Amino acid sequence: MEDKLNIKDSLLERFLKYVKIWSESDSQKADSGIMPSTSGQNEMASVLCAELKSLGLENVQTTEHCYTYGILPANGSAESSICLLAHIDTSEEVSGKNVNPKIHKNYSGGKIILCGAELDPQKDSALSLAAKNVETIITGDGTTLLGADDKAGVAEIVSCLEYLFIHSELKHPAIEVIFSPDEETGHGMDKVPLELLKSKCAYTVDGGHIGELETECFNAFRSDVVFKGNATHTGTARGTMVNAISMASSFVSNLPAGERPETTDGRQGFFAPISIEGSIEESKVSLLLRDFSADGMEKRKSTVELLAKAVSELFGGNAEVLHTQQYLNMKENLDKNPKVAERLISAYKASGIEPVFTPIRGGTDGSRLTEMGIPCPNIFTGGHNFHSRNEWASLDQMIKAVEVLVHLCCGEDFPQIIFCPN
């Protein structure tokens, strides 16, 4: 097939444009019901609306809650429609303001020295492999994150749509797209416009290293523990003061040391304290509970309750625990709909990629969407070291993600194309 589009240049240009848009989300505002939680996400949505319209999508719109939707009409395929998703916000853990991307062409190894950050292939196996393959690497300048999570996914979806728009001879079903806000805050599917969505299956593009194909994730809960004490003058505190700060500190220090995010990997779950605040009279600890099994999650919730009770009784105060479900493991529902993953596996193999099934140590919008009855596995983006100043993306791997998406959209009539990154 004659290539009518320079995928490498157009994808790179698109990605660089996206990461420079400050669309960092705000979990505190999102938790209070404000959506989108930041105005920068509206700016990103506006850019995407214009692009989707230019690529022939119909019913393009951004909802009041900042979900950008559009549909590329079917052009001869009788297959059922599919939906592609990615999120437009970036993590607040590291600033996403004034991202200054750096391109490292034909990277062949050695440390990449940035301002306040350093990428070392000796400590990063994915980067070492990228050097072996002489890939083009994109980083920030070390003062911010890059934003590949998930602007790489957004750029790959739009580039796929552009390819199909230009190559109108490729038959495909109707393709819906949704670009969502506030995924990083855990609220990405709170206001999703299901009334617009016609597809019975969907695919998020929000993964990492090339080849990763994710069909399972954590069960996720947030636990808020409020300790109530008794404040008195510190000079006459003996026998009367009950310090809620001390209770909260004791609670956190007694969480299982071997079950923290920094001491676990693979299929191990964890307890993750994310904030502690308050005063002598009342202090609050918020933590994330993660486990791949439902039974394991129930045990973690019980551990939090028992530990909170033990600490409050030891200090002579009180404790209240509130568990809030965030998302559930998508494996069970995907197992009930095997053809959704099978189609994606075929697209990987058509692109010359052997799928690597890795559990997500986190969740995606697809996790929530699967709960809602629309099975939604996750595709790699070629991004690495998310939520950090050491974040990087491989342009070569991003191109392969676009190739997978084109094959996925064309279903059984896989086009005989191979995108060459060089």
# chains A, B, ... in the order shown; residues from 1 in each chain; ligands from 1

call {"tool": "residues_around", "arguments": {"residues": "Tyr107 (chain A)", "least_positions_apart": "2", "cutoff": "8 Å", "atoms": "only C-alpha atoms", "output": "list in words"}}
result
His104, Lys105, Gly109, Ala130, Ala131, Val134, Glu135, Thr136 and Ile137 of chain A

call {"tool": "write_last_selection", "arguments": {"atoms": "C-alpha atoms", "output": "mmCIF file, in the first residue's frame"}}
result
data_model
loop_
_atom_site.group_PDB
_atom_site.id
_atom_site.type_symbol
_atom_site.label_atom_id
_atom_site.label_comp_id
_atom_site.auth_asym_id
_atom_site.auth_seq_id
_atom_site.Cartn_x
_atom_site.Cartn_y
_atom_site.Cartn_z
ATOM 1 C CA HIS A 104 16.815 12.289 21.483
ATOM 2 C CA LYS A 105 17.058 10.877 17.968
ATOM 3 C CA GLY A 109 22.780 4.369 25.128
ATOM 4 C CA ALA A 130 15.302 1.198 23.447
ATOM 5 C CA ALA A 131 19.028 1.990 23.157
ATOM 6 C CA VAL A 134 18.330 2.771 18.483
ATOM 7 C CA GLU A 135 14.903 4.280 19.065
ATOM 8 C CA THR A 136 13.968 7.959 19.154
ATOM 9 C CA ILE A 137 13.332 8.965 22.773
#

call {"tool": "residues_around", "arguments": {"residues": "region 268-276 of chain A", "least_positions_apart": "2", "cutoff": "6 Å", "atoms": "only C-alpha atoms", "output": "VMD selection string"}}
result
chain A and resid 259 to 261 264 to 266 284 to 291

call {"tool": "closest_atom_pairs", "arguments": {"of": "region 156-192 of chain A", "to": "region 353-367 of chain A", "cutoff": "9 Å", "atoms": "only C-alpha atoms", "output": "Markdown table"}}
result
| residue | atom | partner | partner_atom | distance |
| --- | --- | --- | --- | --- |
| A:Ser180 | CA | A:Asp365 | CA | 8.2 |
| A:Glu183 | CA | A:Asp365 | CA | 6.5 |
| A:Glu184 | CA | A:Thr364 | CA | 8.7 |
| A:Gly186 | CA | A:Asp365 | CA | 8.4 |
| A:His187 | CA | A:Asp365 | CA | 8.6 |
| A:Gly188 | CA | A:Asp365 | CA | 5.9 |
| A:Met189 | CA | A:Asp365 | CA | 6.1 |

call {"tool": "write_last_selection", "arguments": {"atoms": "N, CA, C and O atoms", "output": "compact mmCIF listing (two decimals), in the first residue's frame"}}
result
# COMPACT_ATOMS: atom_id res chain seq x y z
N SER A 180 -11.37 11.58 27.81
CA SER A 180 -11.97 11.86 29.12
C SER A 180 -11.09 12.75 29.99
O SER A 180 -9.87 12.71 29.89
N GLU A 183 -9.00 11.46 34.73
CA GLU A 183 -8.70 10.05 35.00
C GLU A 183 -7.72 9.91 36.16
O GLU A 183 -7.84 9.00 36.98
N GLU A 184 -6.74 10.82 36.22
CA GLU A 184 -5.72 10.73 37.25
C GLU A 184 -6.28 10.97 38.66
O GLU A 184 -5.67 10.57 39.65
N GLY A 186 -9.13 9.71 39.59
CA GLY A 186 -10.03 8.60 39.88
C GLY A 186 -11.47 8.87 39.50
O GLY A 186 -12.36 8.06 39.78
N HIS A 187 -11.74 10.00 38.83
CA HIS A 187 -13.11 10.37 38.49
C HIS A 187 -13.37 10.37 36.98
O HIS A 187 -14.35 10.96 36.52
N GLY A 188 -12.50 9.70 36.23
CA GLY A 188 -12.56 9.78 34.78
C GLY A 188 -13.85 9.32 34.14
O GLY A 188 -14.20 9.78 33.06
N MET A 189 -14.56 8.40 34.79
CA MET A 189 -15.80 7.89 34.21
C MET A 189 -17.04 8.34 34.99
O MET A 189 -18.14 7.85 34.73

call {"tool": "residues_around", "arguments": {"residues": "Thr232 (chain A)", "least_positions_apart": "4", "cutoff": "12 Å", "atoms": "only C-alpha atoms", "output": "list of chain:residue names"}}
result
A:Thr236, A:Ala237, A:Arg238, A:Gly239, A:Thr240, A:Met241, A:Val242, A:Asn243, A:Ala244, A:Ser279, A:Ile280, A:Glu281

call {"tool": "write_last_selection", "arguments": {"atoms": "N, CA and C atoms", "output": "PDB file, in the first residue's frame"}}
result
ATOM      1  N   THR A 236      -1.000  21.247  81.160  1.00  0.00           N
ATOM      2  CA  THR A 236      -1.778  20.443  82.118  1.00  0.00           C
ATOM      3  C   THR A 236      -2.406  19.247  81.410  1.00  0.00           C
ATOM      4  N   ALA A 237      -1.671  18.711  80.442  1.00  0.00           N
ATOM      5  CA  ALA A 237      -2.233  17.690  79.558  1.00  0.00           C
ATOM      6  C   ALA A 237      -2.255  16.291  80.162  1.00  0.00           C
ATOM      7  N   ARG A 238      -1.418  16.062  81.166  1.00  0.00           N
ATOM      8  CA  ARG A 238      -1.297  14.682  81.668  1.00  0.00           C
ATOM      9  C   ARG A 238      -2.639  14.172  82.195  1.00  0.00           C
ATOM     10  N   GLY A 239      -3.010  13.017  81.664  1.00  0.00           N
ATOM     11  CA  GLY A 239      -4.241  12.379  82.116  1.00  0.00           C
ATOM     12  C   GLY A 239      -5.502  12.876  81.451  1.00  0.00           C
ATOM     13  N   THR A 240      -5.395  13.946  80.677  1.00  0.00           N
ATOM     14  CA  THR A 240      -6.598  14.503  80.050  1.00  0.00           C
ATOM     15  C   THR A 240      -6.493  14.609  78.528  1.00  0.00           C
ATOM     16  N   MET A 241      -5.298  14.928  78.011  1.00  0.00           N
ATOM     17  CA  MET A 241      -5.155  15.095  76.566  1.00  0.00           C
ATOM     18  C   MET A 241      -5.166  13.740  75.864  1.00  0.00           C
ATOM     19  N   VAL A 242      -5.903  13.690  74.766  1.00  0.00           N
ATOM     20  CA  VAL A 242      -5.831  12.559  73.839  1.00  0.00           C
ATOM     21  C   VAL A 242      -5.464  13.154  72.484  1.00  0.00           C
ATOM     22  N   ASN A 243      -4.256  12.859  72.013  1.00  0.00           N
ATOM     23  CA  ASN A 243      -3.714  13.531  70.836  1.00  0.00           C
ATOM     24  C   ASN A 243      -4.056  12.745  69.560  1.00  0.00           C
ATOM     25  N   ALA A 244      -4.954  13.305  68.778  1.00  0.00           N
ATOM     26  CA  ALA A 244      -5.374  12.636  67.540  1.00  0.00           C
ATOM     27  C   ALA A 244      -4.235  12.561  66.532  1.00  0.00           C
ATOM     28  N   SER A 279      -5.368  18.024  63.677  1.00  0.00           N
ATOM     29  CA  SER A 279      -4.968  18.696  64.902  1.00  0.00           C
ATOM     30  C   SER A 279      -5.051  17.713  66.053  1.00  0.00           C
ATOM     31  N   ILE A 280      -4.766  18.200  67.265  1.00  0.00           N
ATOM     32  CA  ILE A 280      -4.850  17.344  68.446  1.00  0.00           C
ATOM     33  C   ILE A 280      -6.261  16.791  68.611  1.00  0.00           C
ATOM     34  N   GLU A 281      -7.257  17.600  68.307  1.00  0.00           N
ATOM     35  CA  GLU A 281      -8.633  17.188  68.530  1.00  0.00           C
ATOM     36  C   GLU A 281      -9.140  16.220  67.467  1.00  0.00           C
TER      37      GLU A 281
END

call {"tool": "select_by_dssp", "arguments": {"residues": "region 154-381 of chain A", "states": "helix (DSSP H, G or I)", "output": "ChimeraX atom specification"}}
result
/A:154-166,234-236,244-253,261-263,294-315,331-335,338-350,365-371

call {"tool": "select_by_dssp", "arguments": {"residues": "region 103-174 of chain A", "states": "strand (DSSP E)", "output": "PDB file with N, CA, C and O atoms, in the first residue's frame"}}
result
ATOM      1  N   ILE A 103      13.893  15.890  22.286  1.00  0.00           N
ATOM      2  CA  ILE A 103      13.921  14.743  21.380  1.00  0.00           C
ATOM      3  C   ILE A 103      15.351  14.212  21.292  1.00  0.00           C
ATOM      4  O   ILE A 103      16.291  14.970  21.009  1.00  0.00           O
ATOM      5  N   HIS A 104      15.505  12.931  21.527  1.00  0.00           N
ATOM      6  CA  HIS A 104      16.815  12.289  21.483  1.00  0.00           C
ATOM      7  C   HIS A 104      16.763  11.269  20.341  1.00  0.00           C
ATOM      8  O   HIS A 104      16.368  10.119  20.531  1.00  0.00           O
ATOM      9  N   ILE A 112      21.036  10.055  30.041  1.00  0.00           N
ATOM     10  CA  ILE A 112      20.396  11.257  29.522  1.00  0.00           C
ATOM     11  C   ILE A 112      20.284  12.223  30.688  1.00  0.00           C
ATOM     12  O   ILE A 112      19.520  11.999  31.629  1.00  0.00           O
ATOM     13  N   ILE A 113      21.070  13.272  30.656  1.00  0.00           N
ATOM     14  CA  ILE A 113      21.133  14.229  31.763  1.00  0.00           C
ATOM     15  C   ILE A 113      20.148  15.362  31.504  1.00  0.00           C
ATOM     16  O   ILE A 113      20.230  16.059  30.489  1.00  0.00           O
ATOM     17  N   LEU A 114      19.217  15.528  32.434  1.00  0.00           N
ATOM     18  CA  LEU A 114      18.230  16.594  32.342  1.00  0.00           C
ATOM     19  C   LEU A 114      18.404  17.543  33.518  1.00  0.00           C
ATOM     20  O   LEU A 114      19.230  17.302  34.404  1.00  0.00           O
ATOM     21  N   ALA A 117      16.997  15.806  36.748  1.00  0.00           N
ATOM     22  CA  ALA A 117      16.629  14.407  36.542  1.00  0.00           C
ATOM     23  C   ALA A 117      17.672  13.748  35.660  1.00  0.00           C
ATOM     24  O   ALA A 117      18.434  14.409  34.952  1.00  0.00           O
ATOM     25  N   GLU A 118      17.716  12.423  35.746  1.00  0.00           N
ATOM     26  CA  GLU A 118      18.703  11.664  34.969  1.00  0.00           C
ATOM     27  C   GLU A 118      18.105  10.319  34.582  1.00  0.00           C
ATOM     28  O   GLU A 118      17.552   9.606  35.414  1.00  0.00           O
ATOM     29  N   LEU A 119      18.216   9.979  33.313  1.00  0.00           N
ATOM     30  CA  LEU A 119      17.767   8.680  32.827  1.00  0.00           C
ATOM     31  C   LEU A 119      18.988   7.822  32.560  1.00  0.00           C
ATOM     32  O   LEU A 119      19.885   8.224  31.807  1.00  0.00           O
ATOM     33  N   ILE A 137      13.865   8.797  21.421  1.00  0.00           N
ATOM     34  CA  ILE A 137      13.332   8.965  22.773  1.00  0.00           C
ATOM     35  C   ILE A 137      12.884  10.406  22.975  1.00  0.00           C
ATOM     36  O   ILE A 137      13.569  11.351  22.558  1.00  0.00           O
ATOM     37  N   ILE A 138      11.757  10.575  23.631  1.00  0.00           N
ATOM     38  CA  ILE A 138      11.246  11.912  23.963  1.00  0.00           C
ATOM     39  C   ILE A 138      11.169  12.026  25.483  1.00  0.00           C
ATOM     40  O   ILE A 138      10.618  11.141  26.150  1.00  0.00           O
ATOM     41  N   THR A 139      11.718  13.079  26.031  1.00  0.00           N
ATOM     42  CA  THR A 139      11.679  13.342  27.473  1.00  0.00           C
ATOM     43  C   THR A 139      11.198  14.764  27.725  1.00  0.00           C
ATOM     44  O   THR A 139      11.056  15.556  26.789  1.00  0.00           O
TER      45      THR A 139
END

call {"tool": "residues_around", "arguments": {"residues": "Glu212 (chain A)", "least_positions_apart": "3", "cutoff": "12 Å", "atoms": "only C-alpha atoms", "output": "mmCIF file with N, CA and C atoms, in the first residue's frame"}}
result
data_model
loop_
_atom_site.group_PDB
_atom_site.id
_atom_site.type_symbol
_atom_site.label_atom_id
_atom_site.label_comp_id
_atom_site.auth_asym_id
_atom_site.auth_seq_id
_atom_site.Cartn_x
_atom_site.Cartn_y
_atom_site.Cartn_z
ATOM 1 N N VAL A 205 -6.225 3.312 25.452
ATOM 2 C CA VAL A 205 -4.828 3.374 25.017
ATOM 3 C C VAL A 205 -4.102 4.149 26.118
ATOM 4 N N ASP A 206 -3.682 3.420 27.143
ATOM 5 C CA ASP A 206 -3.174 4.066 28.356
ATOM 6 C C ASP A 206 -2.148 3.179 29.069
ATOM 7 N N GLY A 207 -1.476 2.319 28.293
ATOM 8 C CA GLY A 207 -0.502 1.415 28.887
ATOM 9 C C GLY A 207 0.920 1.929 28.762
ATOM 10 N N GLY A 208 1.882 1.025 28.924
ATOM 11 C CA GLY A 208 3.280 1.405 28.944
ATOM 12 C C GLY A 208 4.086 0.828 27.801
ATOM 13 N N HIS A 209 4.966 -0.134 28.123
ATOM 14 C CA HIS A 209 5.953 -0.647 27.186
ATOM 15 C C HIS A 209 5.299 -1.401 26.031
ATOM 16 N N THR A 215 -5.591 -6.937 30.655
ATOM 17 C CA THR A 215 -6.980 -7.364 30.792
ATOM 18 C C THR A 215 -7.377 -7.552 32.254
ATOM 19 N N GLU A 216 -6.517 -7.181 33.169
ATOM 20 C CA GLU A 216 -6.858 -7.241 34.593
ATOM 21 C C GLU A 216 -6.151 -6.119 35.329
ATOM 22 N N LEU A 344 -8.125 -7.856 19.811
ATOM 23 C CA LEU A 344 -6.940 -7.052 20.076
ATOM 24 C C LEU A 344 -5.671 -7.884 19.915
ATOM 25 N N ILE A 345 -5.697 -9.119 20.371
ATOM 26 C CA ILE A 345 -4.543 -10.005 20.208
ATOM 27 C C ILE A 345 -4.215 -10.163 18.727
ATOM 28 N N TYR A 348 -2.421 -7.094 17.501
ATOM 29 C CA TYR A 348 -1.015 -7.097 17.916
ATOM 30 C C TYR A 348 -0.202 -7.964 16.954
ATOM 31 N N ILE A 353 3.709 -7.971 16.719
ATOM 32 C CA ILE A 353 3.974 -7.831 18.153
ATOM 33 C C ILE A 353 3.367 -9.009 18.900
ATOM 34 N N GLU A 354 4.149 -9.660 19.729
ATOM 35 C CA GLU A 354 3.641 -10.733 20.571
ATOM 36 C C GLU A 354 3.100 -10.115 21.857
ATOM 37 N N PRO A 355 1.815 -10.301 22.176
ATOM 38 C CA PRO A 355 1.245 -9.679 23.374
ATOM 39 C C PRO A 355 1.909 -10.173 24.657
ATOM 40 N N VAL A 356 2.117 -9.264 25.562
ATOM 41 C CA VAL A 356 2.639 -9.585 26.886
ATOM 42 C C VAL A 356 1.549 -9.217 27.892
ATOM 43 N N PHE A 357 0.989 -10.216 28.530
ATOM 44 C CA PHE A 357 -0.123 -9.966 29.440
ATOM 45 C C PHE A 357 0.403 -9.614 30.824
ATOM 46 N N THR A 358 0.234 -8.374 31.206
ATOM 47 C CA THR A 358 0.697 -7.895 32.503
ATOM 48 C C THR A 358 -0.481 -7.290 33.254
ATOM 49 N N PRO A 359 -0.624 -7.594 34.539
ATOM 50 C CA PRO A 359 -1.692 -6.969 35.315
ATOM 51 C C PRO A 359 -1.375 -5.496 35.567
ATOM 52 N N ILE A 360 -2.394 -4.663 35.492
ATOM 53 C CA ILE A 360 -2.203 -3.231 35.748
ATOM 54 C C ILE A 360 -2.113 -3.010 37.251
ATOM 55 N N PRO A 377 -10.304 -3.658 27.409
ATOM 56 C CA PRO A 377 -8.894 -3.903 27.724
ATOM 57 C C PRO A 377 -8.022 -2.698 27.393
ATOM 58 N N ASN A 378 -6.754 -2.786 27.768
ATOM 59 C CA ASN A 378 -5.857 -1.639 27.665
ATOM 60 C C ASN A 378 -4.679 -1.940 26.744
ATOM 61 N N ILE A 379 -4.311 -0.955 25.919
ATOM 62 C CA ILE A 379 -3.247 -1.068 24.919
ATOM 63 C C ILE A 379 -2.039 -0.229 25.349
ATOM 64 N N PHE A 380 -0.841 -0.708 25.007
ATOM 65 C CA PHE A 380 0.387 0.032 25.322
ATOM 66 C C PHE A 380 0.439 1.366 24.579
ATOM 67 N N THR A 381 1.215 2.312 25.120
ATOM 68 C CA THR A 381 1.418 3.601 24.446
ATOM 69 C C THR A 381 2.868 3.851 24.064
ATOM 70 N N GLY A 382 3.806 3.120 24.685
ATOM 71 C CA GLY A 382 5.222 3.409 24.480
ATOM 72 C C GLY A 382 5.757 4.421 25.464
ATOM 73 N N GLY A 383 4.950 4.770 26.488
ATOM 74 C CA GLY A 383 5.393 5.685 27.532
ATOM 75 C C GLY A 383 5.965 4.922 28.717
ATOM 76 N N HIS A 384 6.855 5.581 29.468
ATOM 77 C CA HIS A 384 7.541 4.922 30.583
ATOM 78 C C HIS A 384 7.767 5.922 31.730
ATOM 79 N N GLN A 397 7.919 3.093 19.489
ATOM 80 C CA GLN A 397 6.866 2.305 20.115
ATOM 81 C C GLN A 397 5.500 2.966 19.933
ATOM 82 N N LYS A 400 4.194 1.977 16.603
ATOM 83 C CA LYS A 400 3.649 0.620 16.616
ATOM 84 C C LYS A 400 2.267 0.586 17.267
ATOM 85 N N ALA A 401 2.034 1.456 18.244
ATOM 86 C CA ALA A 401 0.704 1.537 18.854
ATOM 87 C C ALA A 401 -0.328 2.005 17.830
ATOM 88 N N VAL A 404 -1.123 -0.912 15.611
ATOM 89 C CA VAL A 404 -2.058 -1.825 16.271
ATOM 90 C C VAL A 404 -3.483 -1.295 16.171
#
